[in-house]
file target02.cif (mmCIF, C-alpha atoms)
data_final
#
loop_
_atom_site.label_atom_id
_atom_site.label_comp_id
_atom_site.auth_asym_id
_atom_site.auth_seq_id
_atom_site.Cartn_x
_atom_site.Cartn_y
_atom_site.Cartn_z
CA MET H 137 86.93 101.20 94.68
CA PRO H 138 87.60 99.78 98.17
CA ARG H 139 89.09 96.70 96.44
CA ARG H 140 91.35 98.89 94.34
CA GLN H 141 92.41 101.02 97.32
CA LEU H 142 93.11 97.93 99.40
CA GLY H 143 95.13 96.28 96.64
CA ARG H 144 97.25 99.38 96.12
CA ARG H 145 97.95 99.79 99.83
CA LEU H 146 98.91 96.13 100.19
CA ARG H 147 101.21 96.44 97.19
CA GLU H 148 102.82 99.53 98.74
CA LEU H 149 103.31 97.61 101.99
CA ARG H 150 105.01 94.75 100.14
CA GLU H 151 107.27 97.10 98.21
CA SER H 152 108.26 98.96 101.41
CA VAL H 153 109.70 95.79 102.99
CA PRO H 154 110.89 95.32 100.20
CA LEU H 155 109.65 92.02 98.81
CA THR H 156 109.32 90.99 95.18
CA VAL H 157 106.08 89.43 93.98
CA MET H 158 107.84 86.05 93.83
CA GLU H 159 109.17 86.37 97.39
CA ALA H 160 105.73 87.42 98.67
CA TRP H 161 103.71 84.61 97.13
CA ALA H 162 106.37 82.08 98.18
CA ALA H 163 106.18 83.30 101.78
CA LEU H 164 102.37 83.26 101.71
CA GLU H 165 102.29 79.88 99.91
CA TRP H 166 99.88 81.28 97.34
CA SER H 167 99.90 81.31 93.57
CA ARG H 168 101.33 84.33 91.81
CA GLN H 169 97.96 84.84 90.09
CA ARG H 170 96.17 85.08 93.44
CA LEU H 171 98.54 87.77 94.72
CA TRP H 172 98.27 89.70 91.43
CA ARG H 173 94.45 89.65 91.58
CA TYR H 174 94.52 90.96 95.14
CA GLU H 175 97.00 93.75 94.41
CA THR H 176 95.16 94.94 91.30
CA GLY H 177 91.70 94.90 92.92
CA GLN H 178 90.38 92.19 90.58
CA VAL H 179 88.67 90.22 93.37
CA PRO H 180 87.52 90.82 96.97
CA ILE H 181 90.02 89.94 99.71
CA HIS H 182 88.99 88.11 102.88
CA PRO H 183 90.12 89.93 106.06
CA ASN H 184 92.05 86.79 107.08
CA ASP H 185 94.09 86.99 103.88
CA VAL H 186 94.76 90.66 104.60
CA ALA H 187 96.01 89.69 108.05
CA ALA H 188 98.28 87.03 106.55
CA MET H 189 99.78 89.50 104.08
CA CYS H 190 100.27 92.12 106.78
CA GLN H 191 102.06 89.58 108.97
CA VAL H 192 104.52 88.76 106.18
CA TYR H 193 105.02 92.47 105.49
CA GLY H 194 105.48 93.37 109.18
CA ALA H 195 102.60 95.88 109.35
CA ASP H 196 101.69 97.43 112.71
CA PRO H 197 98.39 96.44 114.42
CA GLU H 198 96.64 99.73 113.57
CA THR H 199 97.43 99.29 109.86
CA VAL H 200 96.24 95.69 109.96
CA GLU H 201 92.87 96.64 111.45
CA GLY H 202 92.41 99.50 108.99
CA LEU H 203 93.11 97.24 106.01
CA LYS H 204 90.87 94.48 107.34
CA GLU H 205 88.00 96.99 107.57
CA LEU H 206 88.70 98.05 103.99
CA ALA H 207 88.52 94.37 103.03
CA ARG H 208 85.06 94.12 104.60
CA GLN H 209 83.95 97.15 102.57
CA SER H 210 85.31 95.55 99.40
CA LYS H 211 82.60 92.89 99.55
CA ALA H 212 79.89 95.46 98.78
CA LYS H 213 78.36 94.86 95.35
CA GLY H 214 77.44 97.34 92.63
CA TRP H 215 74.33 97.18 90.44
CA TRP H 216 76.24 95.26 87.74
CA HIS H 217 76.66 92.21 89.97
CA ALA H 218 73.02 91.39 89.26
CA TYR H 219 74.06 90.47 85.71
CA SER H 220 75.82 87.15 85.18
CA ASP H 221 77.13 88.09 81.73
CA ILE H 222 79.67 90.72 82.87
CA PRO H 223 83.30 89.50 82.87
CA GLY H 224 85.46 90.41 85.86
CA TRP H 225 87.75 92.74 83.92
CA PHE H 226 84.75 94.81 82.77
CA GLY H 227 83.13 94.73 86.20
CA LEU H 228 86.27 96.41 87.53
CA PHE H 229 85.87 99.16 84.93
CA LEU H 230 82.20 99.68 85.85
CA GLY H 231 83.20 100.17 89.47
CA MET H 232 85.84 102.72 88.47
CA GLU H 233 83.42 104.46 86.10
CA SER H 234 80.84 104.76 88.90
CA ALA H 235 83.42 106.26 91.27
CA ALA H 236 84.95 108.72 88.78
CA SER H 237 84.78 112.50 89.03
CA ARG H 238 85.79 112.92 85.38
CA LEU H 239 85.82 110.61 82.37
CA ARG H 240 87.65 111.45 79.15
CA LYS H 241 86.94 109.15 76.24
CA TYR H 242 88.24 108.93 72.68
CA GLU H 243 86.48 106.70 70.16
CA GLY H 244 87.31 106.31 66.48
CA GLU H 245 84.86 103.63 65.31
CA ILE H 246 81.67 103.58 67.39
CA ILE H 247 79.61 105.79 69.68
CA PRO H 248 80.78 105.18 73.31
CA GLY H 249 78.48 103.02 75.43
CA LEU H 250 77.51 105.89 77.75
CA LEU H 251 76.06 107.78 74.77
CA GLN H 252 74.44 104.96 72.79
CA SER H 253 70.73 104.78 72.00
CA PRO H 254 69.05 101.40 72.65
CA SER H 255 68.69 100.65 68.92
CA TYR H 256 72.34 101.48 68.20
CA ALA H 257 73.53 99.45 71.21
CA ARG H 258 71.46 96.48 70.03
CA ALA H 259 72.95 96.74 66.52
CA ILE H 260 76.54 96.95 67.88
CA ILE H 261 76.02 93.95 70.18
CA ASN H 262 74.46 91.89 67.37
CA LEU H 263 77.43 92.74 65.15
CA GLY H 264 79.49 90.07 66.84
CA PRO H 265 81.95 88.50 66.69
CA ALA H 266 80.00 85.75 68.52
CA LYS H 267 76.40 84.90 67.67
CA LEU H 268 74.30 85.74 70.72
CA SER H 269 70.80 84.69 71.68
CA PRO H 270 68.10 87.40 71.74
CA GLU H 271 67.95 87.07 75.53
CA VAL H 272 71.69 87.74 75.93
CA VAL H 273 71.54 90.67 73.51
CA GLU H 274 68.71 92.29 75.48
CA GLU H 275 70.55 91.74 78.76
CA ARG H 276 73.61 93.51 77.36
CA VAL H 277 71.49 96.37 76.06
CA SER H 278 69.96 96.64 79.54
CA ILE H 279 73.44 96.80 81.10
CA ARG H 280 74.41 99.59 78.73
CA MET H 281 71.28 101.58 79.51
CA GLN H 282 71.81 101.04 83.23
CA ARG H 283 75.33 102.46 82.91
CA GLN H 284 73.91 105.66 81.42
CA ARG H 285 72.10 106.52 84.66
CA LEU H 286 75.54 107.69 85.75
CA LEU H 287 75.06 110.84 83.65
CA THR H 288 71.87 111.94 85.40
CA ARG H 289 72.47 110.84 88.98
CA ARG H 290 72.35 113.44 91.77
CA LYS H 291 74.17 111.77 94.67
CA PRO H 292 77.04 111.54 94.28
CA ALA H 293 77.16 114.17 91.56
CA ALA H 294 77.43 112.89 88.00
CA PRO H 295 80.99 112.89 86.69
CA ASN H 296 82.13 115.28 83.99
CA LEU H 297 82.21 113.42 80.67
CA ASP H 298 84.45 114.69 77.87
CA VAL H 299 84.22 112.77 74.61
CA VAL H 300 86.15 113.17 71.36
CA LEU H 301 84.83 111.21 68.38
CA SER H 302 86.31 110.67 64.96
CA GLU H 303 84.01 111.92 62.20
CA SER H 304 83.93 108.35 60.89
CA VAL H 305 81.71 107.44 63.87
CA LEU H 306 79.04 109.72 62.41
CA VAL H 307 79.12 108.30 58.89
CA ARG H 308 79.67 104.58 59.49
CA GLY H 309 76.44 103.09 60.79
CA PHE H 310 73.48 100.71 60.57
CA GLY H 311 70.97 102.49 58.35
CA PRO H 312 68.99 105.73 58.51
CA GLU H 313 66.51 104.84 61.24
CA ILE H 314 69.13 103.71 63.75
CA MET H 315 71.61 106.47 62.92
CA VAL H 316 69.08 109.30 63.05
CA ASP H 317 67.95 108.02 66.45
CA GLN H 318 71.55 107.68 67.66
CA LEU H 319 72.89 111.01 66.41
CA SER H 320 69.81 112.84 67.72
CA ARG H 321 70.50 111.31 71.12
CA LEU H 322 74.13 112.39 70.85
CA VAL H 323 73.02 115.99 70.28
CA ALA H 324 70.62 115.85 73.24
CA VAL H 325 73.17 114.40 75.68
CA SER H 326 75.83 116.88 74.56
CA GLU H 327 73.61 119.67 75.90
CA LEU H 328 73.95 118.45 79.49
CA PRO H 329 76.15 120.93 81.40
CA HIS H 330 78.65 118.27 82.49
CA VAL H 331 78.94 116.53 79.10
CA SER H 332 81.20 117.69 76.29
CA VAL H 333 81.10 116.01 72.86
CA ARG H 334 83.62 117.09 70.24
CA VAL H 335 84.39 115.70 66.80
CA ALA H 336 87.79 115.30 65.15
CA PRO H 337 86.91 115.95 61.49
CA PHE H 338 88.47 114.19 58.51
CA SER H 339 89.97 117.53 57.49
CA ALA H 340 92.12 117.57 60.65
CA GLY H 341 94.30 114.83 59.21
CA MET H 342 96.29 112.31 61.29
CA HIS H 343 96.64 112.70 65.05
CA THR H 344 98.38 110.87 67.90
CA ALA H 345 95.26 108.90 68.97
CA ASN H 346 95.64 106.73 65.87
CA ARG H 347 96.22 103.52 67.85
CA GLY H 348 92.66 103.20 69.02
CA PRO H 349 90.10 104.13 71.68
CA PHE H 350 90.91 104.77 75.31
CA ALA H 351 89.48 106.34 78.45
CA ILE H 352 91.16 108.51 81.09
CA ILE H 353 89.51 108.14 84.50
CA ASP H 354 90.00 110.73 87.26
CA PHE H 355 88.76 110.22 90.82
CA PRO H 356 87.54 112.63 93.52
CA ARG H 357 89.32 113.36 96.77
CA GLU H 358 87.23 111.52 99.34
CA SER H 359 88.64 113.43 102.31
CA PRO H 360 91.28 116.12 102.96
CA ALA H 361 93.44 113.51 104.66
CA ARG H 362 93.44 110.99 101.80
CA ASP H 363 94.82 111.50 98.31
CA PRO H 364 92.46 110.60 95.47
CA GLU H 365 92.91 107.37 93.60
CA PRO H 366 95.51 107.75 90.84
CA THR H 367 94.29 108.67 87.38
CA THR H 368 93.86 105.49 85.36
CA ILE H 369 94.00 104.79 81.64
CA TYR H 370 91.58 102.13 80.40
CA GLU H 371 91.78 100.29 77.09
CA ASP H 372 89.59 97.31 76.27
CA SER H 373 89.46 94.60 73.63
CA GLN H 374 87.22 91.65 72.77
CA THR H 375 88.79 89.47 75.47
CA GLY H 376 90.15 91.72 78.21
CA ALA H 377 91.30 95.14 79.30
CA LEU H 378 94.41 97.10 80.13
CA TYR H 379 94.60 99.39 83.16
CA LEU H 380 97.53 101.84 83.29
CA GLU H 381 98.27 104.20 86.17
CA LYS H 382 102.04 104.78 86.27
CA PRO H 383 102.78 108.54 86.06
CA GLN H 384 104.70 108.20 82.79
CA GLU H 385 101.82 106.24 81.24
CA VAL H 386 99.24 108.80 82.33
CA GLU H 387 101.48 111.57 81.00
CA ILE H 388 101.63 109.97 77.54
CA TYR H 389 97.86 109.61 77.29
CA SER H 390 97.34 113.12 78.66
CA SER H 391 99.55 114.35 75.82
CA ILE H 392 97.47 112.37 73.31
CA TRP H 393 94.30 113.87 74.78
CA ALA H 394 95.77 117.35 74.45
CA ASP H 395 96.51 116.64 70.78
CA LEU H 396 92.90 115.54 70.28
CA GLY H 397 91.80 118.83 71.80
CA ARG H 398 93.95 120.61 69.22
CA VAL H 399 92.47 118.84 66.16
CA ALA H 400 88.84 118.52 67.30
CA LEU H 401 86.13 121.03 66.54
CA ASP H 402 84.80 122.98 69.51
CA GLU H 403 81.51 121.92 71.10
CA ILE H 404 79.32 124.27 69.05
CA GLU H 405 80.94 123.35 65.73
CA SER H 406 80.79 119.67 66.68
CA ARG H 407 77.06 119.89 67.45
CA ARG H 408 76.47 121.56 64.10
CA LEU H 409 78.36 118.78 62.30
CA ILE H 410 76.37 116.09 64.12
CA GLU H 411 73.10 117.85 63.26
CA GLN H 412 74.24 118.02 59.63
CA LYS H 413 74.87 114.26 59.68
CA VAL H 414 71.37 113.72 61.10
CA LYS H 415 69.96 115.52 58.06
CA GLU H 416 72.16 113.48 55.70
CA TRP H 417 71.03 110.19 57.28
CA SER H 418 67.40 111.37 57.06
CA ARG H 419 67.47 111.73 53.27
#

call {"tool": "encode", "arguments": {"input": "target02.cif", "output": "structure tokens"}}
result
Amino acid sequence: MPRRQLGRRLRELRESVPLTVMEAWAALEWSRQRLWRYETGQVPIHPNDVAAMCQVYGADPETVEGLKELARQSKAKGWWHAYSDIPGWFGLFLGMESAASRLRKYEGEIIPGLLQSPSYARAIINLGPAKLSPEVVEERVSIRMQRQRLLTRRKPAAPNLDVVLSESVLVRGFGPEIMVDQLSRLVAVSELPHVSVRVAPFSAGMHTANRGPFAIIDFPRESPARDPEPTTIYEDSQTGALYLEKPQEVEIYSSIWADLGRVALDEIESRRLIEQKVKEWSR
């Protein structure tokens, strides 16, 4: 989060001059990619690079020192840095997920990672598309289980997690043993006070989330004097991720989320449907 805050504040400084991205990287004698990575929080920034950017942007000494301190904080590492298999774009998401006050997630094909059982996670990871060694598979399962500690942590308080699943998630699976284990876990986690799991049934028909899964990430206000980080939309794929935070983008996805709330069963009805699917998989 310090990386993301620093990148946004440096971008705001550049735009206040104003300087275009091309003018900025030409003045700094950097590549465009390097400036983009800094401004989007993809990589840590050395305090000397912060000073160089601030000099080009004409920042006052107090601002420079504040941003350099934020750069020092950005070098702190999360638990996921212990794993070599995590790509940078997903590491950024893990940092945002850890800092969130609320996570809203829609999934139409699989159980979200935060709610997966070990056996289901292992089956999903083995599904491909690349053939992975048993060691890599187990490392990825471990990462997924480590992420789930987020839901039971005490300090800072666990974020609120609101999930809407398509009913197809409950009927498309890997066999009775894995699916009974997974859906039973889904029922158990849904009983946590800060977790809401709802199902959009087949009978609801088409809805506006038909273009695929996404997450809406909200952040806490760290202090009365500082606004919270902007709400961010996250979409991932096999090879990368998309992060959206412009107000009009957030508004569109908030509207889609509201439509999901309209078509989904309530929490009690959803739990009953999941329990029914457990019985069906048990036969």

call {"tool": "resolve_selection", "arguments": {"input": "target02.cif", "expression": "the PyMOL selection byres ((chain H and resi 372) around 10)", "output": "MDAnalysis selection string"}}
result
chainID H and resid 225:226 229 348:351 370:371 373:379

call {"tool": "residues_around", "arguments": {"input": "target02.cif", "residues": "range 294-301 of chain H", "least_positions_apart": "2", "cutoff": "9 Å", "atoms": "all atoms listed in the file", "output": "compact mmCIF listing (two decimals) with C-alpha atoms, keeping the file's coordinate frame"}}
result
# COMPACT_ATOMS: atom_id res chain seq x y z
CA GLU H 233 83.42 104.46 86.10
CA SER H 234 80.84 104.76 88.90
CA ALA H 235 83.42 106.26 91.27
CA ALA H 236 84.95 108.72 88.78
CA SER H 237 84.78 112.50 89.03
CA ARG H 238 85.79 112.92 85.38
CA LEU H 239 85.82 110.61 82.37
CA ARG H 240 87.65 111.45 79.15
CA LYS H 241 86.94 109.15 76.24
CA TYR H 242 88.24 108.93 72.68
CA GLU H 243 86.48 106.70 70.16
CA GLY H 244 87.31 106.31 66.48
CA GLU H 245 84.86 103.63 65.31
CA ILE H 246 81.67 103.58 67.39
CA ILE H 247 79.61 105.79 69.68
CA PRO H 248 80.78 105.18 73.31
CA ARG H 285 72.10 106.52 84.66
CA LEU H 286 75.54 107.69 85.75
CA LEU H 287 75.06 110.84 83.65
CA THR H 288 71.87 111.94 85.40
CA ARG H 289 72.47 110.84 88.98
CA ARG H 290 72.35 113.44 91.77
CA LYS H 291 74.17 111.77 94.67
CA PRO H 292 77.04 111.54 94.28
CA GLU H 303 84.01 111.92 62.20
CA SER H 304 83.93 108.35 60.89
CA VAL H 305 81.71 107.44 63.87
CA LEU H 306 79.04 109.72 62.41
CA PRO H 329 76.15 120.93 81.40
CA HIS H 330 78.65 118.27 82.49
CA VAL H 331 78.94 116.53 79.10
CA SER H 332 81.20 117.69 76.29
CA VAL H 333 81.10 116.01 72.86
CA ARG H 334 83.62 117.09 70.24
CA VAL H 335 84.39 115.70 66.80
CA ALA H 336 87.79 115.30 65.15
CA PRO H 337 86.91 115.95 61.49
CA TRP H 393 94.30 113.87 74.78
CA LEU H 396 92.90 115.54 70.28
CA GLY H 397 91.80 118.83 71.80
CA ALA H 400 88.84 118.52 67.30

call {"tool": "closest_residue", "arguments": {"input": "target02.cif", "among": "H:Ala257, H:Ala345, H:Leu155, H:Ile410", "to": "Ser390 in chain H", "atoms": "all atoms listed in the file"}}
result
H:Ala345

call {"tool": "axis_aligned_box", "arguments": {"input": "target02.cif", "around": "range 252-265 of chain H", "padding_each_side": "3 Å", "output": "lines of an AutoDock Vina configuration file"}}
result
center_x = 75.3
center_y = 96.7
center_z = 69.0
size_x = 19.3
size_y = 22.5
size_z = 13.6

call {"tool": "residues_around", "arguments": {"input": "target02.cif", "residues": "Leu146 in chain H", "least_positions_apart": "4", "cutoff": "7 Å", "atoms": "only C-alpha atoms", "output": "ChimeraX atom specification"}}
result
/H:142,150,175

call {"tool": "write_last_selection", "arguments": {"input": "target02.cif", "atoms": "C-alpha atoms", "output": "PDB file, in the coordinates of the input"}}
result
ATOM      1  CA  LEU H 142      93.110  97.930  99.400  1.00  0.00           C
ATOM      2  CA  ARG H 150     105.010  94.750 100.140  1.00  0.00           C
ATOM      3  CA  GLU H 175      97.000  93.750  94.410  1.00  0.00           C
TER       4      GLU H 175
END

call {"tool": "residues_around", "arguments": {"input": "target02.cif", "residues": "Cys190 in chain H", "least_positions_apart": "3", "cutoff": "9 Å", "atoms": "only C-alpha atoms", "output": "list in words"}}
result
Leu146, Leu149, Arg150, Asp185, Val186, Ala187, Tyr193, Gly194, Ala195, Asp196, Pro197, Thr199, Val200 and Leu203 of chain H

call {"tool": "closest_residue", "arguments": {"input": "target02.cif", "among": "H:Ala160, H:Ala207, H:Ile352, H:Ile314", "to": "Tyr256 in chain H", "atoms": "all atoms listed in the file"}}
result
H:Ile314

call {"tool": "closest_residue", "arguments": {"input": "target02.cif", "among": "H:Arg208, H:Arg419, H:Ser406, H:Leu322", "to": "Gly249 in chain H", "atoms": "only C-alpha atoms"}}
result
H:Leu322

call {"tool": "atom_distance", "arguments": {"input": "target02.cif", "atom1": "CA of Asp354 in chain H", "atom2": "CA of Arg145 in chain H"}}
result
18.5 Å

call {"tool": "resolve_selection", "arguments": {"input": "target02.cif", "expression": "the PyMOL selection byres ((chain H and resi 163) around 12)", "output": "compact mmCIF listing (two decimals) with C-alpha atoms, in the frame of the given file"}}
result
# COMPACT_ATOMS: atom_id res chain seq x y z
CA ARG H 150 105.01 94.75 100.14
CA LEU H 155 109.65 92.02 98.81
CA THR H 156 109.32 90.99 95.18
CA VAL H 157 106.08 89.43 93.98
CA MET H 158 107.84 86.05 93.83
CA GLU H 159 109.17 86.37 97.39
CA ALA H 160 105.73 87.42 98.67
CA TRP H 161 103.71 84.61 97.13
CA ALA H 162 106.37 82.08 98.18
CA LEU H 164 102.37 83.26 101.71
CA GLU H 165 102.29 79.88 99.91
CA TRP H 166 99.88 81.28 97.34
CA SER H 167 99.90 81.31 93.57
CA ARG H 168 101.33 84.33 91.81
CA LEU H 171 98.54 87.77 94.72
CA ALA H 188 98.28 87.03 106.55
CA MET H 189 99.78 89.50 104.08
CA CYS H 190 100.27 92.12 106.78
CA GLN H 191 102.06 89.58 108.97
CA VAL H 192 104.52 88.76 106.18
CA TYR H 193 105.02 92.47 105.49

call {"tool": "closest_residue", "arguments": {"input": "target02.cif", "among": "H:Lys204, H:Arg321, H:Arg398, H:Arg308", "to": "Met342 in chain H", "atoms": "all atoms listed in the file"}}
result
H:Arg398

call {"tool": "closest_residue", "arguments": {"input": "target02.cif", "among": "H:Lys211, H:Leu251, H:Ser152, H:Ile260", "to": "Val325 in chain H", "atoms": "all atoms listed in the file"}}
result
H:Leu251

call {"tool": "closest_residue", "arguments": {"input": "target02.cif", "among": "H:Pro312, H:Ser302, H:Trp417, H:Pro356", "to": "Leu401 in chain H", "atoms": "only C-alpha atoms"}}
result
H:Ser302

call {"tool": "residues_around", "arguments": {"input": "target02.cif", "residues": "Gly224 in chain H", "least_positions_apart": "3", "cutoff": "8 Å", "atoms": "only C-alpha atoms", "output": "PDB file with C-alpha atoms, in the coordinates of the input"}}
result
ATOM      1  CA  GLN H 178      90.380  92.190  90.580  1.00  0.00           C
ATOM      2  CA  GLY H 227      83.130  94.730  86.200  1.00  0.00           C
ATOM      3  CA  LEU H 228      86.270  96.410  87.530  1.00  0.00           C
TER       4      LEU H 228
END

call {"tool": "atom_distance", "arguments": {"input": "target02.cif", "atom1": "CA of Pro138 in chain H", "atom2": "CA of Ser210 in chain H"}}
result
5.0 Å

call {"tool": "residues_around", "arguments": {"input": "target02.cif", "residues": "Glu271 in chain H", "least_positions_apart": "6", "cutoff": "12 Å", "atoms": "all atoms listed in the file", "output": "compact mmCIF listing (two decimals) with C-alpha atoms, keeping the file's coordinate frame"}}
result
# COMPACT_ATOMS: atom_id res chain seq x y z
CA ASP H 221 77.13 88.09 81.73
CA ARG H 258 71.46 96.48 70.03
CA ILE H 261 76.02 93.95 70.18
CA ASN H 262 74.46 91.89 67.37
CA VAL H 277 71.49 96.37 76.06
CA SER H 278 69.96 96.64 79.54

call {"tool": "atom_distance", "arguments": {"input": "target02.cif", "atom1": "CA of Arg280 in chain H", "atom2": "CA of Phe355 in chain H"}}
result
21.6 Å
